[in-house]
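For reference, structure-v1.cif is printed below; it contains mmCIF, C-alpha atoms.
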data_query
loop_
_atom_site.label_atom_id
_atom_site.label_comp_id
_atom_site.auth_asym_id
_atom_site.auth_seq_id
_atom_site.Cartn_x
_atom_site.Cartn_y
_atom_site.Cartn_z
CA MET A 843 114.15 107.42 68.31
CA SER A 844 115.82 110.37 66.76
CA GLU A 845 117.02 113.31 68.77
CA LYS A 846 114.48 115.56 67.04
CA ASN A 847 111.59 113.37 68.22
CA LEU A 848 112.97 113.28 71.75
CA LYS A 849 113.10 117.08 71.82
CA ARG A 850 109.47 117.26 70.67
CA ILE A 851 108.40 114.84 73.37
CA THR A 852 110.34 116.80 75.99
CA LYS A 853 108.76 120.07 74.85
CA GLY A 854 105.33 118.46 74.96
CA TYR A 855 105.87 117.32 78.53
CA GLU A 856 107.14 120.76 79.50
CA TYR A 857 103.94 122.36 78.19
CA VAL A 858 101.78 119.81 80.01
CA ILE A 859 103.65 120.45 83.26
CA MET A 860 103.31 124.22 82.84
CA VAL A 861 99.57 123.95 82.20
CA PHE A 862 99.11 121.80 85.31
CA MET A 863 101.27 124.17 87.36
CA MET A 864 99.06 127.08 86.26
CA ILE A 865 95.92 125.13 87.20
CA PHE A 866 97.49 124.15 90.51
CA GLY A 867 98.40 127.79 91.13
CA LEU A 868 94.83 128.91 90.49
CA VAL A 869 93.46 126.26 92.87
CA ILE A 870 95.95 127.26 95.57
CA ALA A 871 95.07 130.94 95.02
CA ALA A 872 91.38 130.10 95.51
CA TYR A 873 92.13 128.26 98.76
CA PHE A 874 94.30 131.19 99.86
CA ALA A 875 91.43 133.59 99.21
CA LEU A 876 89.08 131.30 101.13
CA SER A 877 91.41 131.18 104.14
CA ILE A 878 91.75 134.98 104.11
CA TYR A 879 87.95 135.23 103.96
CA GLU A 880 87.69 132.90 106.99
CA LEU A 881 90.15 135.12 108.86
CA VAL A 882 88.40 138.39 108.03
CA LEU A 883 84.80 137.23 108.47
CA PRO A 884 84.87 137.07 112.31
CA LEU A 885 86.12 140.66 112.41
CA PHE A 886 82.86 141.91 110.91
CA GLN A 887 80.55 139.64 112.84
CA HIS A 888 79.30 140.53 116.26
CA LEU A 889 80.10 137.04 117.48
CA THR A 890 83.73 137.16 118.54
CA HIS A 891 83.86 133.76 120.21
CA GLU A 892 86.56 132.49 117.90
CA ASP A 893 88.97 130.09 119.53
CA PHE A 894 92.68 130.96 119.47
CA THR A 895 93.45 127.54 118.00
CA ASP A 896 91.03 128.09 115.11
CA ILE A 897 92.47 131.52 114.37
CA SER A 898 96.03 130.17 114.51
CA LYS A 899 95.09 127.27 112.26
CA ASN A 900 93.58 129.66 109.70
CA ILE A 901 96.58 132.01 109.81
CA LEU A 902 99.06 129.19 109.32
CA SER A 903 96.93 127.68 106.55
CA ALA A 904 97.01 131.05 104.81
CA PHE A 905 100.82 131.13 105.16
CA LEU A 906 101.07 127.62 103.71
CA PHE A 907 98.96 128.63 100.72
CA LEU A 908 101.04 131.78 100.30
CA GLU A 909 104.27 129.77 100.40
CA PHE A 910 102.94 127.40 97.76
CA LEU A 911 101.99 130.37 95.59
CA VAL A 912 105.53 131.74 95.98
CA ILE A 913 106.94 128.35 94.96
CA ILE A 914 104.73 128.31 91.86
CA LYS A 915 105.72 131.90 91.01
CA ASP A 916 109.39 130.96 91.40
CA TYR A 917 108.81 127.93 89.17
CA PHE A 918 107.73 130.18 86.31
CA SER A 919 110.23 132.97 86.95
CA SER A 920 113.28 130.73 87.32
CA ASN A 921 112.90 128.63 84.18
CA ALA A 922 110.98 125.70 85.72
CA ASN A 923 113.29 125.39 88.73
CA ILE A 924 112.04 125.00 92.31
CA HIS A 925 114.53 125.67 95.10
CA PHE A 926 115.00 123.15 97.89
CA GLU A 927 114.91 125.90 100.51
CA ASP A 928 111.27 126.64 99.65
CA TYR A 929 110.26 123.11 100.57
CA LEU A 930 112.03 123.43 103.90
CA TYR A 931 110.05 126.58 104.74
CA VAL A 932 106.79 124.87 103.83
CA ALA A 933 107.70 121.90 106.03
CA VAL A 934 108.47 124.13 109.03
CA THR A 935 105.20 126.02 108.63
CA ALA A 936 103.22 122.78 108.27
CA ILE A 937 104.77 121.31 111.41
CA ILE A 938 104.11 124.50 113.39
CA ARG A 939 100.49 124.35 112.25
CA SER A 940 100.31 120.72 113.34
CA ILE A 941 101.70 121.58 116.78
CA LEU A 942 99.21 124.40 117.29
CA VAL A 943 96.24 122.31 116.19
CA TYR A 944 97.11 118.95 117.76
CA HIS A 945 98.99 119.66 120.97
CA ASP A 946 97.30 117.16 123.29
CA ASN A 947 100.13 114.59 123.25
CA ALA A 948 103.34 115.87 124.89
CA LEU A 949 105.64 113.29 123.30
CA LYS A 950 104.26 113.98 119.83
CA THR A 951 104.66 117.72 120.37
CA LEU A 952 108.26 117.22 121.55
CA LEU A 953 109.05 115.08 118.49
CA LEU A 954 107.53 117.70 116.18
CA CYS A 955 109.65 120.39 117.87
CA GLY A 956 112.69 118.20 117.23
CA ALA A 957 111.68 117.96 113.57
CA ILE A 958 111.46 121.75 113.40
CA LEU A 959 114.93 122.02 114.92
CA ILE A 960 116.30 119.62 112.33
CA LEU A 961 114.65 121.56 109.51
CA VAL A 962 115.96 124.90 110.81
CA ILE A 963 119.46 123.43 111.00
CA ALA A 964 119.01 122.15 107.44
CA ILE A 965 117.98 125.63 106.29
CA ILE A 966 121.03 127.20 107.95
CA LEU A 967 123.39 124.61 106.47
CA TYR A 968 121.79 124.92 103.04
CA LYS A 969 122.14 128.71 103.06
CA ARG A 970 125.75 128.45 104.23
CA TYR A 971 126.50 125.91 101.51
CA GLN A 972 124.82 128.09 98.89
CA THR A 973 126.81 131.18 99.87
CA GLN A 974 130.06 129.19 99.83
CA ASN A 975 129.21 127.81 96.39
CA ASN A 976 128.36 131.29 95.13
CA LYS A 977 131.67 132.65 96.43
CA LEU A 978 133.58 129.80 94.77
CA SER A 979 131.81 130.24 91.45
CA ASP A 980 132.33 134.01 91.58
CA SER A 981 136.07 133.59 92.23
CA GLU A 982 136.32 131.14 89.33
CA HIS A 983 134.66 133.65 86.99
CA VAL A 984 137.10 136.38 88.04
CA ARG A 985 140.13 134.33 87.03
#
Could you show the structure in this file as structure tokens?
Amino acid sequence: MSEKNLKRITKGYEYVIMVFMMIFGLVIAAYFALSIYELVLPLFQHLTHEDFTDISKNILSAFLFLEFLVIIKDYFSSNANIHFEDYLYVAVTAIIRSILVYHDNALKTLLLCGAILILVIAIILYKRYQTQNNKLSDSEHVR
């Protein structure tokens, strides 16, 4: 295959990926709106017998949807690049949601807390590594 054909194929795949990312973003936005609706609805109803676990689950689901929307926005604003740090934040939020919803097994809860600790350490190390890399690349550009 010639290089010209390979570039056309690559461009075609890029357009397909962008279309699916836009569709995915719209679906996530719809679920985000639905979770916000489920959070606001009990405020206007006279029945305020909502369980704390249900409210927490809805709040954390809304945060997950919001984080996915931010990832999709970053995908389009940073030239089809998704940062690793975003996935770490989504993972922490998902595990916290899991702990709040399914907290009946102490060992499972302890293991999930350990996973959160590992992810938080990974976030700290990733940020430290990124700042060191940025400092090194800035000093190389100054020379």
Rounded to one decimal place, report the atom CA of A:Ile865-atom CA of A:Leu883 distance in Å.
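Answer for the atom CA of A:Ile865 to atom CA of A:Leu883 separation: 26.9 Å.
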Edge lengths and centre, in Å to one decimal, as JSON: that's what I need for the box along x, y and z that holds all listed atoms of stretch 866-882 of chain A plus 3 Å on each side.
{"center_x": 93.0, "center_y": 131.3, "center_z": 99.7, "size_x": 16.7, "size_y": 20.2, "size_z": 24.4}
Smallest atom-to-atom distance to A:Leu954: which of A:Asn921, A:Gln972, A:Thr935, A:Ser844, using all atoms listed in the file?
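Nearest to A:Leu954: A:Thr935.
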Top pick for closest residue to A:Asn923, considering A:Met860, A:Gln974, A:Thr951, A:Lys899 and counting all atoms listed in the file:
A:Met860
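With distances restricted to all atoms listed in the file, A:Tyr944 is the closest residue to A:Asp896 from A:Tyr944, A:Phe910, A:Phe874, A:Tyr968.
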In terms of all atoms listed in the file, the residue from A:Leu949, A:Leu881, A:Val869, A:Val934 at minimal distance from A:Ala964 is A:Val934
Find the residue from A:Arg850, A:Lys969, A:Lys977, A:Lys915 that sits nearest to A:Leu930; use all atoms listed in the file when measuring.
A:Lys969
To one decimal place in Å, what is the distance between atom CA of A:Asp893 and atom CA of A:Ala871?
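Separation between atom CA of A:Asp893 and atom CA of A:Ala871: 25.3 Å.
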Check the smallest atom-to-atom distance from each of A:Leu942, A:Met864, A:Leu885, A:Asn900 to A:Ile913 using all atoms listed in the file, then report the winner.
A:Met864
In Å, rounded to a single decimal, give me how far atom CA of A:Val858 is from atom CA of A:Tyr931.
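The value is 26.9 Å.
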Find the residues around A:Val943 up to 10 Å (all atoms listed in the file counted), leave out those fewer than 4 positions away in its own chain, and share them as an MDAnalysis selection string.
chainID A and resid 894:896 898:899 937:939
Which residues match the PyMOL selection byres ((chain A and resi 924) around 12) in the file above, as a list in words?
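With the shown file as input, the PyMOL selection byres ((chain A and resi 924) around 12) matches Met863, Phe910, Leu911, Val912, Ile913, Ile914, Lys915, Asp916, Tyr917, Phe918, Ser919, Ser920, Asn921, Ala922, Asn923, His925, Phe926, Glu927, Asp928, Tyr929 and Leu930 of chain A.
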N, CA, C and O atoms are needed for stretch 889-908 of chain A; please write them out as a PDB file, in the frame of the given file.
ATOM      1  N   LEU A 889      79.700 138.186 116.677  1.00  0.00           N
ATOM      2  CA  LEU A 889      80.100 137.040 117.480  1.00  0.00           C
ATOM      3  C   LEU A 889      81.620 136.917 117.434  1.00  0.00           C
ATOM      4  O   LEU A 889      82.187 136.574 116.411  1.00  0.00           O
ATOM      5  N   THR A 890      82.267 137.227 118.505  1.00  0.00           N
ATOM      6  CA  THR A 890      83.730 137.160 118.540  1.00  0.00           C
ATOM      7  C   THR A 890      84.178 136.035 119.462  1.00  0.00           C
ATOM      8  O   THR A 890      85.085 136.192 120.264  1.00  0.00           O
ATOM      9  N   HIS A 891      83.515 134.904 119.364  1.00  0.00           N
ATOM     10  CA  HIS A 891      83.860 133.760 120.210  1.00  0.00           C
ATOM     11  C   HIS A 891      84.784 132.799 119.466  1.00  0.00           C
ATOM     12  O   HIS A 891      84.699 131.596 119.646  1.00  0.00           O
ATOM     13  N   GLU A 892      85.622 133.320 118.639  1.00  0.00           N
ATOM     14  CA  GLU A 892      86.560 132.490 117.900  1.00  0.00           C
ATOM     15  C   GLU A 892      87.627 131.970 118.862  1.00  0.00           C
ATOM     16  O   GLU A 892      88.169 132.705 119.687  1.00  0.00           O
ATOM     17  N   ASP A 893      87.952 130.724 118.717  1.00  0.00           N
ATOM     18  CA  ASP A 893      88.970 130.090 119.530  1.00  0.00           C
ATOM     19  C   ASP A 893      90.352 130.445 118.982  1.00  0.00           C
ATOM     20  O   ASP A 893      90.537 130.546 117.767  1.00  0.00           O
ATOM     21  N   PHE A 894      91.313 130.616 119.877  1.00  0.00           N
ATOM     22  CA  PHE A 894      92.680 130.960 119.470  1.00  0.00           C
ATOM     23  C   PHE A 894      93.250 129.891 118.542  1.00  0.00           C
ATOM     24  O   PHE A 894      93.933 130.204 117.568  1.00  0.00           O
ATOM     25  N   THR A 895      92.938 128.624 118.825  1.00  0.00           N
ATOM     26  CA  THR A 895      93.450 127.540 118.000  1.00  0.00           C
ATOM     27  C   THR A 895      92.903 127.627 116.579  1.00  0.00           C
ATOM     28  O   THR A 895      93.635 127.424 115.612  1.00  0.00           O
ATOM     29  N   ASP A 896      91.617 127.961 116.447  1.00  0.00           N
ATOM     30  CA  ASP A 896      91.030 128.090 115.110  1.00  0.00           C
ATOM     31  C   ASP A 896      91.645 129.245 114.343  1.00  0.00           C
ATOM     32  O   ASP A 896      91.934 129.132 113.151  1.00  0.00           O
ATOM     33  N   ILE A 897      91.861 130.360 115.026  1.00  0.00           N
ATOM     34  CA  ILE A 897      92.470 131.520 114.370  1.00  0.00           C
ATOM     35  C   ILE A 897      93.902 131.196 113.944  1.00  0.00           C
ATOM     36  O   ILE A 897      94.310 131.496 112.824  1.00  0.00           O
ATOM     37  N   SER A 898      94.651 130.543 114.837  1.00  0.00           N
ATOM     38  CA  SER A 898      96.030 130.170 114.510  1.00  0.00           C
ATOM     39  C   SER A 898      96.071 129.198 113.343  1.00  0.00           C
ATOM     40  O   SER A 898      96.920 129.309 112.454  1.00  0.00           O
ATOM     41  N   LYS A 899      95.156 128.247 113.349  1.00  0.00           N
ATOM     42  CA  LYS A 899      95.090 127.270 112.260  1.00  0.00           C
ATOM     43  C   LYS A 899      94.818 127.974 110.932  1.00  0.00           C
ATOM     44  O   LYS A 899      95.465 127.689 109.921  1.00  0.00           O
ATOM     45  N   ASN A 900      93.901 128.932 110.931  1.00  0.00           N
ATOM     46  CA  ASN A 900      93.580 129.660 109.700  1.00  0.00           C
ATOM     47  C   ASN A 900      94.748 130.524 109.233  1.00  0.00           C
ATOM     48  O   ASN A 900      95.021 130.619 108.033  1.00  0.00           O
ATOM     49  N   ILE A 901      95.427 131.173 110.173  1.00  0.00           N
ATOM     50  CA  ILE A 901      96.580 132.010 109.810  1.00  0.00           C
ATOM     51  C   ILE A 901      97.683 131.157 109.196  1.00  0.00           C
ATOM     52  O   ILE A 901      98.250 131.499 108.149  1.00  0.00           O
ATOM     53  N   LEU A 902      97.992 130.031 109.842  1.00  0.00           N
ATOM     54  CA  LEU A 902      99.060 129.190 109.320  1.00  0.00           C
ATOM     55  C   LEU A 902      98.665 128.505 108.016  1.00  0.00           C
ATOM     56  O   LEU A 902      99.516 128.272 107.147  1.00  0.00           O
ATOM     57  N   SER A 903      97.382 128.211 107.845  1.00  0.00           N
ATOM     58  CA  SER A 903      96.930 127.680 106.550  1.00  0.00           C
ATOM     59  C   SER A 903      97.122 128.725 105.461  1.00  0.00           C
ATOM     60  O   SER A 903      97.562 128.398 104.352  1.00  0.00           O
ATOM     61  N   ALA A 904      96.812 129.970 105.786  1.00  0.00           N
ATOM     62  CA  ALA A 904      97.010 131.050 104.810  1.00  0.00           C
ATOM     63  C   ALA A 904      98.494 131.174 104.448  1.00  0.00           C
ATOM     64  O   ALA A 904      98.839 131.355 103.273  1.00  0.00           O
ATOM     65  N   PHE A 905      99.385 131.065 105.450  1.00  0.00           N
ATOM     66  CA  PHE A 905     100.820 131.130 105.160  1.00  0.00           C
ATOM     67  C   PHE A 905     101.264 129.957 104.293  1.00  0.00           C
ATOM     68  O   PHE A 905     102.097 130.130 103.399  1.00  0.00           O
ATOM     69  N   LEU A 906     100.720 128.768 104.548  1.00  0.00           N
ATOM     70  CA  LEU A 906     101.070 127.620 103.710  1.00  0.00           C
ATOM     71  C   LEU A 906     100.645 127.860 102.259  1.00  0.00           C
ATOM     72  O   LEU A 906     101.417 127.598 101.325  1.00  0.00           O
ATOM     73  N   PHE A 907      99.423 128.352 102.075  1.00  0.00           N
ATOM     74  CA  PHE A 907      98.960 128.630 100.720  1.00  0.00           C
ATOM     75  C   PHE A 907      99.829 129.700 100.056  1.00  0.00           C
ATOM     76  O   PHE A 907     100.172 129.607  98.880  1.00  0.00           O
ATOM     77  N   LEU A 908     100.188 130.719 100.832  1.00  0.00           N
ATOM     78  CA  LEU A 908     101.040 131.780 100.300  1.00  0.00           C
ATOM     79  C   LEU A 908     102.411 131.229  99.901  1.00  0.00           C
ATOM     80  O   LEU A 908     102.945 131.580  98.847  1.00  0.00           O
TER      81      LEU A 908
END
